[in-house]
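Structure file structure.txt with compact mmCIF, N, CA and C atoms and all ligand atoms:
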```txt
# COMPACT_ATOMS: atom_id res chain seq x y z
N MET D 1 166.66 114.47 -39.70
CA MET D 1 165.54 114.40 -40.64
C MET D 1 165.77 115.28 -41.86
N ILE D 2 166.24 116.53 -41.65
CA ILE D 2 166.44 117.37 -42.83
C ILE D 2 167.57 116.81 -43.68
N GLY D 3 167.46 117.09 -44.98
CA GLY D 3 168.47 116.62 -45.91
C GLY D 3 169.36 117.76 -46.37
N ARG D 4 169.54 117.85 -47.68
CA ARG D 4 170.47 118.82 -48.22
C ARG D 4 169.98 120.26 -48.03
N LEU D 5 170.94 121.16 -48.01
CA LEU D 5 170.62 122.58 -48.11
C LEU D 5 170.20 122.84 -49.54
N ASN D 6 168.94 123.24 -49.73
CA ASN D 6 168.47 123.50 -51.10
C ASN D 6 168.88 124.89 -51.57
N HIS D 7 168.66 125.90 -50.71
CA HIS D 7 169.11 127.24 -51.07
C HIS D 7 169.17 128.14 -49.85
N VAL D 8 169.91 129.21 -50.02
CA VAL D 8 169.90 130.34 -49.09
C VAL D 8 169.28 131.49 -49.87
N ALA D 9 168.27 132.14 -49.29
CA ALA D 9 167.60 133.26 -49.96
C ALA D 9 168.06 134.57 -49.35
N ILE D 10 168.46 135.48 -50.21
CA ILE D 10 168.91 136.81 -49.79
C ILE D 10 167.96 137.83 -50.39
N ALA D 11 167.34 138.62 -49.53
CA ALA D 11 166.39 139.64 -49.99
C ALA D 11 167.11 140.96 -50.20
N VAL D 12 166.83 141.57 -51.33
CA VAL D 12 167.50 142.82 -51.69
C VAL D 12 166.48 143.79 -52.26
N ARG D 13 166.87 145.07 -52.26
CA ARG D 13 166.01 146.08 -52.89
C ARG D 13 166.34 146.19 -54.37
N ASP D 14 167.64 146.11 -54.67
CA ASP D 14 168.12 146.35 -56.03
C ASP D 14 168.68 145.05 -56.60
N LEU D 15 167.87 144.39 -57.42
CA LEU D 15 168.27 143.08 -57.95
C LEU D 15 169.46 143.19 -58.89
N ASP D 16 169.51 144.26 -59.69
CA ASP D 16 170.64 144.40 -60.62
C ASP D 16 171.96 144.54 -59.86
N ALA D 17 171.93 145.31 -58.78
CA ALA D 17 173.15 145.47 -57.99
C ALA D 17 173.55 144.14 -57.34
N ALA D 18 172.53 143.38 -56.89
CA ALA D 18 172.81 142.09 -56.26
C ALA D 18 173.40 141.11 -57.28
N VAL D 19 172.84 141.12 -58.48
CA VAL D 19 173.37 140.25 -59.55
C VAL D 19 174.82 140.61 -59.83
N ALA D 20 175.13 141.89 -59.86
CA ALA D 20 176.50 142.30 -60.14
C ALA D 20 177.46 141.77 -59.09
N VAL D 21 177.03 141.77 -57.84
CA VAL D 21 177.90 141.26 -56.76
C VAL D 21 178.20 139.77 -56.99
N TYR D 22 177.15 139.00 -57.26
CA TYR D 22 177.35 137.55 -57.39
C TYR D 22 178.01 137.18 -58.71
N ARG D 23 177.63 137.86 -59.81
CA ARG D 23 178.18 137.51 -61.11
C ARG D 23 179.58 138.09 -61.32
N ASP D 24 179.72 139.37 -61.00
CA ASP D 24 180.97 140.05 -61.36
C ASP D 24 182.02 139.94 -60.26
N THR D 25 181.62 140.17 -59.02
CA THR D 25 182.61 140.13 -57.94
C THR D 25 182.93 138.70 -57.54
N LEU D 26 181.88 137.90 -57.29
CA LEU D 26 182.11 136.53 -56.82
C LEU D 26 182.32 135.55 -57.97
N GLY D 27 181.96 135.94 -59.18
CA GLY D 27 182.19 135.07 -60.33
C GLY D 27 181.29 133.86 -60.40
N ALA D 28 180.06 134.00 -59.89
CA ALA D 28 179.13 132.87 -59.87
C ALA D 28 178.32 132.81 -61.17
N VAL D 29 177.73 131.64 -61.41
CA VAL D 29 176.80 131.47 -62.52
C VAL D 29 175.44 131.99 -62.08
N VAL D 30 174.96 133.03 -62.74
CA VAL D 30 173.73 133.71 -62.33
C VAL D 30 172.72 133.60 -63.47
N LYS D 31 171.52 133.13 -63.16
CA LYS D 31 170.46 132.95 -64.15
C LYS D 31 169.66 134.25 -64.33
N PRO D 32 168.87 134.34 -65.40
CA PRO D 32 168.07 135.56 -65.60
C PRO D 32 166.98 135.71 -64.53
N PRO D 33 166.54 136.94 -64.30
CA PRO D 33 165.48 137.17 -63.30
C PRO D 33 164.17 136.47 -63.69
N LEU D 34 163.51 135.91 -62.68
CA LEU D 34 162.23 135.23 -62.88
C LEU D 34 161.17 135.92 -62.03
N PRO D 35 160.28 136.71 -62.66
CA PRO D 35 159.19 137.31 -61.88
C PRO D 35 158.22 136.22 -61.41
N GLN D 36 157.87 136.25 -60.14
CA GLN D 36 156.92 135.27 -59.59
C GLN D 36 155.80 136.04 -58.92
N PRO D 37 154.87 136.57 -59.74
CA PRO D 37 153.83 137.44 -59.18
C PRO D 37 153.00 136.75 -58.09
N GLU D 38 152.82 135.44 -58.20
CA GLU D 38 152.01 134.74 -57.19
C GLU D 38 152.70 134.70 -55.83
N HIS D 39 154.03 134.93 -55.82
CA HIS D 39 154.77 134.98 -54.55
C HIS D 39 155.21 136.40 -54.19
N GLY D 40 154.92 137.36 -55.06
CA GLY D 40 155.27 138.75 -54.78
C GLY D 40 156.76 139.02 -54.79
N VAL D 41 157.51 138.25 -55.56
CA VAL D 41 158.96 138.45 -55.63
C VAL D 41 159.45 138.22 -57.06
N THR D 42 160.57 138.84 -57.36
CA THR D 42 161.36 138.47 -58.53
C THR D 42 162.61 137.78 -58.01
N VAL D 43 162.91 136.62 -58.58
CA VAL D 43 163.99 135.78 -58.05
C VAL D 43 165.07 135.62 -59.11
N VAL D 44 166.32 135.66 -58.67
CA VAL D 44 167.45 135.31 -59.52
C VAL D 44 168.15 134.13 -58.86
N PHE D 45 168.31 133.05 -59.61
CA PHE D 45 168.99 131.87 -59.06
C PHE D 45 170.48 131.98 -59.34
N VAL D 46 171.26 131.79 -58.31
CA VAL D 46 172.71 131.71 -58.43
C VAL D 46 173.06 130.23 -58.25
N GLU D 47 173.62 129.65 -59.30
CA GLU D 47 173.92 128.21 -59.28
C GLU D 47 175.32 127.99 -58.73
N LEU D 48 175.38 127.25 -57.64
CA LEU D 48 176.68 126.88 -57.06
C LEU D 48 176.88 125.38 -57.29
N PRO D 49 178.11 124.91 -57.22
CA PRO D 49 178.32 123.48 -57.45
C PRO D 49 177.53 122.59 -56.51
N ASN D 50 177.31 123.03 -55.26
CA ASN D 50 176.66 122.15 -54.29
C ASN D 50 175.33 122.68 -53.79
N SER D 51 174.90 123.86 -54.23
CA SER D 51 173.63 124.40 -53.74
C SER D 51 173.26 125.62 -54.57
N LYS D 52 172.33 126.40 -54.07
CA LYS D 52 171.89 127.61 -54.77
C LYS D 52 171.79 128.76 -53.78
N VAL D 53 171.97 129.95 -54.32
CA VAL D 53 171.58 131.16 -53.61
C VAL D 53 170.46 131.77 -54.43
N GLU D 54 169.43 132.27 -53.76
CA GLU D 54 168.35 132.95 -54.45
C GLU D 54 168.35 134.41 -54.02
N LEU D 55 168.54 135.27 -55.00
CA LEU D 55 168.44 136.70 -54.75
C LEU D 55 166.99 137.09 -55.02
N MET D 56 166.32 137.70 -54.05
CA MET D 56 164.89 138.03 -54.19
C MET D 56 164.70 139.51 -53.97
N ALA D 57 163.86 140.10 -54.84
CA ALA D 57 163.47 141.49 -54.66
C ALA D 57 161.94 141.56 -54.65
N PRO D 58 161.39 142.53 -53.92
CA PRO D 58 159.93 142.65 -53.88
C PRO D 58 159.35 142.89 -55.27
N LEU D 59 158.18 142.31 -55.52
CA LEU D 59 157.45 142.51 -56.78
C LEU D 59 156.01 142.84 -56.41
N GLY D 60 155.54 144.00 -56.88
CA GLY D 60 154.16 144.39 -56.61
C GLY D 60 154.03 145.15 -55.30
N ALA D 61 152.82 145.67 -55.09
CA ALA D 61 152.58 146.59 -53.98
C ALA D 61 152.58 145.89 -52.63
N ASP D 62 152.12 144.63 -52.58
CA ASP D 62 151.99 143.96 -51.28
C ASP D 62 152.88 142.72 -51.22
N SER D 63 154.14 142.92 -51.60
CA SER D 63 155.09 141.82 -51.53
C SER D 63 155.30 141.38 -50.09
N PRO D 64 155.37 140.06 -49.83
CA PRO D 64 155.61 139.61 -48.46
C PRO D 64 157.00 139.97 -47.94
N ILE D 65 157.91 140.41 -48.82
CA ILE D 65 159.24 140.76 -48.32
C ILE D 65 159.50 142.26 -48.31
N SER D 66 158.47 143.08 -48.60
CA SER D 66 158.77 144.53 -48.65
C SER D 66 159.16 145.08 -47.28
N GLY D 67 158.51 144.62 -46.22
CA GLY D 67 158.89 145.09 -44.88
C GLY D 67 160.32 144.71 -44.54
N PHE D 68 160.66 143.47 -44.87
CA PHE D 68 162.02 142.97 -44.59
C PHE D 68 163.06 143.80 -45.33
N VAL D 69 162.77 144.12 -46.58
CA VAL D 69 163.74 144.89 -47.38
C VAL D 69 163.83 146.33 -46.88
N GLU D 70 162.70 146.86 -46.39
CA GLU D 70 162.75 148.20 -45.80
C GLU D 70 163.62 148.22 -44.55
N ARG D 71 163.54 147.15 -43.76
CA ARG D 71 164.36 147.09 -42.54
C ARG D 71 165.82 146.78 -42.84
N ASN D 72 166.06 146.19 -44.01
CA ASN D 72 167.42 145.79 -44.40
C ASN D 72 167.72 146.32 -45.80
N PRO D 73 167.85 147.63 -45.93
CA PRO D 73 167.95 148.20 -47.28
C PRO D 73 169.19 147.77 -48.04
N GLY D 74 170.22 147.34 -47.33
CA GLY D 74 171.43 146.87 -48.02
C GLY D 74 171.39 145.39 -48.36
N GLY D 75 170.25 144.73 -48.07
CA GLY D 75 170.13 143.30 -48.30
C GLY D 75 170.44 142.51 -47.03
N ALA D 76 169.86 141.31 -46.93
CA ALA D 76 170.11 140.44 -45.77
C ALA D 76 169.61 139.04 -46.10
N ILE D 77 170.18 138.07 -45.40
CA ILE D 77 169.67 136.70 -45.55
C ILE D 77 168.23 136.66 -45.06
N HIS D 78 167.34 136.14 -45.89
CA HIS D 78 165.92 136.08 -45.56
C HIS D 78 165.53 134.72 -45.00
N HIS D 79 166.00 133.65 -45.63
CA HIS D 79 165.72 132.31 -45.10
C HIS D 79 166.71 131.30 -45.66
N VAL D 80 166.72 130.14 -45.01
CA VAL D 80 167.45 128.99 -45.54
C VAL D 80 166.43 127.89 -45.82
N CYS D 81 166.71 127.09 -46.83
CA CYS D 81 165.76 126.04 -47.23
C CYS D 81 166.45 124.68 -47.17
N TYR D 82 165.84 123.79 -46.39
CA TYR D 82 166.34 122.41 -46.28
C TYR D 82 165.37 121.47 -46.96
N GLU D 83 165.92 120.44 -47.56
CA GLU D 83 165.10 119.44 -48.25
C GLU D 83 164.61 118.39 -47.26
N VAL D 84 163.37 117.97 -47.47
CA VAL D 84 162.81 116.84 -46.71
C VAL D 84 162.15 115.88 -47.69
N ASP D 85 162.07 114.62 -47.28
CA ASP D 85 161.44 113.60 -48.14
C ASP D 85 159.92 113.67 -48.07
N ASP D 86 159.41 113.99 -46.88
CA ASP D 86 157.95 113.93 -46.66
C ASP D 86 157.56 115.16 -45.84
N ILE D 87 156.93 116.12 -46.50
CA ILE D 87 156.72 117.41 -45.84
C ILE D 87 155.66 117.31 -44.73
N LEU D 88 154.69 116.45 -44.90
CA LEU D 88 153.67 116.32 -43.84
C LEU D 88 154.27 115.65 -42.60
N ALA D 89 155.10 114.65 -42.82
CA ALA D 89 155.78 114.02 -41.68
C ALA D 89 156.70 115.02 -41.00
N ALA D 90 157.37 115.85 -41.81
CA ALA D 90 158.27 116.87 -41.26
C ALA D 90 157.47 117.88 -40.44
N ARG D 91 156.33 118.31 -40.97
CA ARG D 91 155.49 119.27 -40.25
C ARG D 91 155.04 118.68 -38.91
N ASP D 92 154.59 117.45 -38.93
CA ASP D 92 154.10 116.84 -37.70
C ASP D 92 155.22 116.70 -36.67
N ARG D 93 156.41 116.41 -37.15
CA ARG D 93 157.55 116.33 -36.24
C ARG D 93 157.85 117.70 -35.63
N MET D 94 157.81 118.75 -36.46
CA MET D 94 158.09 120.09 -35.96
C MET D 94 157.09 120.47 -34.88
N LYS D 95 155.81 120.20 -35.15
CA LYS D 95 154.77 120.54 -34.16
C LYS D 95 154.96 119.74 -32.88
N ALA D 96 155.29 118.45 -33.02
CA ALA D 96 155.49 117.62 -31.83
C ALA D 96 156.68 118.11 -31.02
N GLN D 97 157.65 118.74 -31.68
CA GLN D 97 158.83 119.28 -31.00
C GLN D 97 158.56 120.67 -30.44
N GLY D 98 157.36 121.20 -30.68
CA GLY D 98 157.00 122.51 -30.14
C GLY D 98 157.38 123.67 -31.05
N ALA D 99 157.78 123.38 -32.28
CA ALA D 99 158.14 124.45 -33.20
C ALA D 99 156.88 124.96 -33.90
N ARG D 100 156.91 126.24 -34.24
CA ARG D 100 155.76 126.86 -34.87
C ARG D 100 155.88 126.82 -36.40
N VAL D 101 154.84 126.31 -37.04
CA VAL D 101 154.75 126.31 -38.49
C VAL D 101 153.95 127.55 -38.89
N LEU D 102 154.45 128.32 -39.82
CA LEU D 102 153.78 129.57 -40.19
C LEU D 102 152.57 129.31 -41.09
N GLY D 103 151.67 130.29 -41.11
CA GLY D 103 150.49 130.21 -41.97
C GLY D 103 149.51 129.18 -41.47
N THR D 104 148.82 128.54 -42.41
CA THR D 104 147.78 127.58 -42.04
C THR D 104 148.37 126.26 -41.56
N GLY D 105 149.65 126.05 -41.82
CA GLY D 105 150.25 124.75 -41.50
C GLY D 105 150.13 123.76 -42.64
N GLU D 106 149.41 124.16 -43.68
CA GLU D 106 149.31 123.29 -44.86
C GLU D 106 150.40 123.72 -45.85
N PRO D 107 151.07 122.75 -46.47
CA PRO D 107 152.12 123.09 -47.44
C PRO D 107 151.55 123.88 -48.61
N LYS D 108 152.36 124.82 -49.11
CA LYS D 108 152.00 125.56 -50.32
C LYS D 108 153.01 125.21 -51.40
N ILE D 109 152.64 125.49 -52.64
CA ILE D 109 153.57 125.26 -53.73
C ILE D 109 154.52 126.46 -53.79
N GLY D 110 155.80 126.17 -53.62
CA GLY D 110 156.79 127.24 -53.52
C GLY D 110 157.33 127.68 -54.85
N ALA D 111 158.42 128.42 -54.78
CA ALA D 111 159.01 129.04 -55.97
C ALA D 111 159.54 128.02 -56.97
N HIS D 112 159.74 126.78 -56.52
CA HIS D 112 160.27 125.76 -57.45
C HIS D 112 159.20 124.77 -57.87
N GLY D 113 157.93 125.09 -57.56
CA GLY D 113 156.86 124.18 -57.95
C GLY D 113 156.74 122.98 -57.04
N LYS D 114 157.34 123.03 -55.87
CA LYS D 114 157.28 121.89 -54.94
C LYS D 114 156.67 122.35 -53.62
N PRO D 115 156.10 121.41 -52.84
CA PRO D 115 155.45 121.80 -51.59
C PRO D 115 156.47 122.33 -50.57
N VAL D 116 156.11 123.45 -49.94
CA VAL D 116 156.99 124.06 -48.94
C VAL D 116 156.20 124.47 -47.71
N LEU D 117 156.92 124.58 -46.60
CA LEU D 117 156.40 125.15 -45.36
C LEU D 117 157.47 126.06 -44.79
N PHE D 118 157.04 127.05 -44.02
CA PHE D 118 158.00 127.92 -43.34
C PHE D 118 157.84 127.76 -41.83
N LEU D 119 158.97 127.81 -41.13
CA LEU D 119 159.02 127.62 -39.68
C LEU D 119 159.43 128.92 -39.00
N HIS D 120 158.87 129.16 -37.83
CA HIS D 120 159.07 130.44 -37.16
C HIS D 120 160.54 130.68 -36.80
N PRO D 121 161.07 131.85 -37.18
CA PRO D 121 162.50 132.10 -36.92
C PRO D 121 162.87 132.04 -35.43
N LYS D 122 161.92 132.38 -34.55
CA LYS D 122 162.26 132.38 -33.12
C LYS D 122 162.50 130.97 -32.59
N ASP D 123 162.02 129.98 -33.31
CA ASP D 123 162.26 128.60 -32.89
C ASP D 123 163.53 128.02 -33.53
N PHE D 124 164.17 128.80 -34.42
CA PHE D 124 165.32 128.26 -35.17
C PHE D 124 166.46 129.27 -35.21
N LEU D 125 166.84 129.72 -34.01
CA LEU D 125 168.07 130.51 -33.86
C LEU D 125 168.01 131.81 -34.65
N GLY D 126 166.80 132.36 -34.76
CA GLY D 126 166.67 133.64 -35.44
C GLY D 126 166.66 133.56 -36.94
N THR D 127 166.47 132.35 -37.47
CA THR D 127 166.51 132.17 -38.92
C THR D 127 165.19 131.59 -39.41
N LEU D 128 164.56 132.28 -40.35
CA LEU D 128 163.39 131.71 -41.01
C LEU D 128 163.83 130.48 -41.79
N VAL D 129 163.13 129.36 -41.55
CA VAL D 129 163.50 128.09 -42.19
C VAL D 129 162.37 127.66 -43.12
N GLU D 130 162.73 127.35 -44.36
CA GLU D 130 161.80 126.77 -45.32
C GLU D 130 162.14 125.29 -45.45
N LEU D 131 161.10 124.47 -45.43
CA LEU D 131 161.27 123.05 -45.72
C LEU D 131 160.64 122.79 -47.08
N GLU D 132 161.36 122.10 -47.93
CA GLU D 132 160.85 121.79 -49.27
C GLU D 132 160.90 120.29 -49.49
N GLN D 133 159.78 119.77 -49.93
CA GLN D 133 159.74 118.33 -50.27
C GLN D 133 160.32 118.15 -51.66
N VAL D 134 161.29 117.25 -51.77
CA VAL D 134 161.95 117.06 -53.07
C VAL D 134 161.64 115.68 -53.63
CO CO L 1 163.08 129.71 -50.55
```
Please rewrite the model in this file as structure tokens.
Amino acid sequence: MIGRLNHVAIAVRDLDAAVAVYRDTLGAVVKPPLPQPEHGVTVVFVELPNSKVELMAPLGADSPISGFVERNPGGAIHHVCYEVDDILAARDRMKAQGARVLGTGEPKIGAHGKPVLFLHPKDFLGTLVELEQV
């Protein structure tokens, strides 16, 4: 059911240092930082030929990733995002399979302006999974 890998998100404390790793060491195409106050993060998109990496740093006092960054001060993979054609059908399938959908279970508009849902990492091999309708 899932389609393409849309992005891998890496949470970091120091966005400038993270940009330097991807731009200077790895030689990737790195876009300017995008503050997303409604999501409590500042995001930098790293454009790869076949997908994206998103470097995220906490923004504001109650960022949803501040705890994660405190536990992983050197940075860590935060989630992977897979594309789906129909997010409500995907959600219903996940629930029928016994997987836990986080939050209210209703899709929210994500960082790319498209509907997203997050799935419990304990149901997906220890990895937080984002589904995005494209
Ligand atoms: Co994401």
Open item on the list: One number please: atom CA of Leu15 of chain D to atom C of Glu70 of chain D, in Å, one decimal.
Closed with: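 Between these atoms lies a distance of 15.1 Å.
The nearest approach to Asp86 of chain D among the residues D:Arg13, D:Gly113, D:Pro64, D:Gln133, with all atoms listed in the file taken into account, belongs to D:Gln133.
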Task: Surroundings of ligand CO 1 (chain L) up to 8 Å, based on all atoms listed in the file, as a ChimeraX atom specification - done: /D:6-10,54,78-82,110-112,129-131
So for segment 84-88 of chain D, what box centre and size do we get, axis-aligned, 6 Å extra on each of the six sides, every listed atom, Å to one decimal, as JSON?
```
{"center_x": 158.5, "center_y": 115.8, "center_z": -45.4, "size_x": 21.7, "size_y": 16.4, "size_z": 17.5}
```
Open item on the list: Would you compute the distance between atom CA of Lys95 of chain D and atom CA of Ile77 of chain D? Give it in Å to one decimal.
Closed with: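 Computed distance, atom CA of Lys95 of chain D to atom CA of Ile77 of chain D, equals 24.8 Å.
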TODO: Considering only C-alpha atoms, return as a ChimeraX atom specification whatever protein or nucleic-acid residues lie within 12 Å of Ala20 of chain D, sequence-local ones (same chain, fewer than 4 positions apart) excluded.
DONE: /D:14-16,24-31,44,46,55
- [ ] Enter the distance from atom C of Ser51 of chain D to atom N of Arg4 of chain D, in Å, rounded to one decimal.
- [x]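 Here the two named atoms are 11.0 Å from each other.
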TODO: Could you tell me which of D:Ile65, D:Leu117, D:Glu83, D:Asp123 comes closest to Gly3 of chain D if we count all atoms listed in the file?
DONE: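 Comparing D:Ile65, D:Leu117, D:Glu83, D:Asp123 against Gly3 of chain D, the winner is D:Glu83.
Those residues of chain D that DSSP, working from the backbone, places in alpha helix (DSSP H) are Leu15, Asp16, Ala17, Ala18, Val19, Ala20, Ser66, Gly67, Phe68, Val69, Glu70, Arg71, Ile87, Leu88, Ala89, Ala90, Arg91, Asp92, Arg93, Met94, Lys95 and Ala96 of chain D.
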Task: Non-local contacts of Asp85 of chain D (8 Å; only N, CA and C atoms; under 5 positions in same chain excluded) as a PyMOL selection string - done: chain D and resi 1-3+90+132-134
TODO: Rank nothing, just name the residue among D:Thr127, D:Val41, D:Glu47, D:Ala76 nearest to Leu59 of chain D, using only N, CA and C atoms.
DONE: D:Val41
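Of the residues under consideration (D:Ile87, D:Arg100, D:Glu38, D:Ala61), D:Ile87 shows the shortest atom-to-atom contact distance to Pro115 of chain D when counting all atoms listed in the file.
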Task: Which residue of D:Ala89, D:Val69, D:Leu119, D:Val43 approaches Gly103 of chain D most closely, using all atoms listed in the file - done: D:Leu119
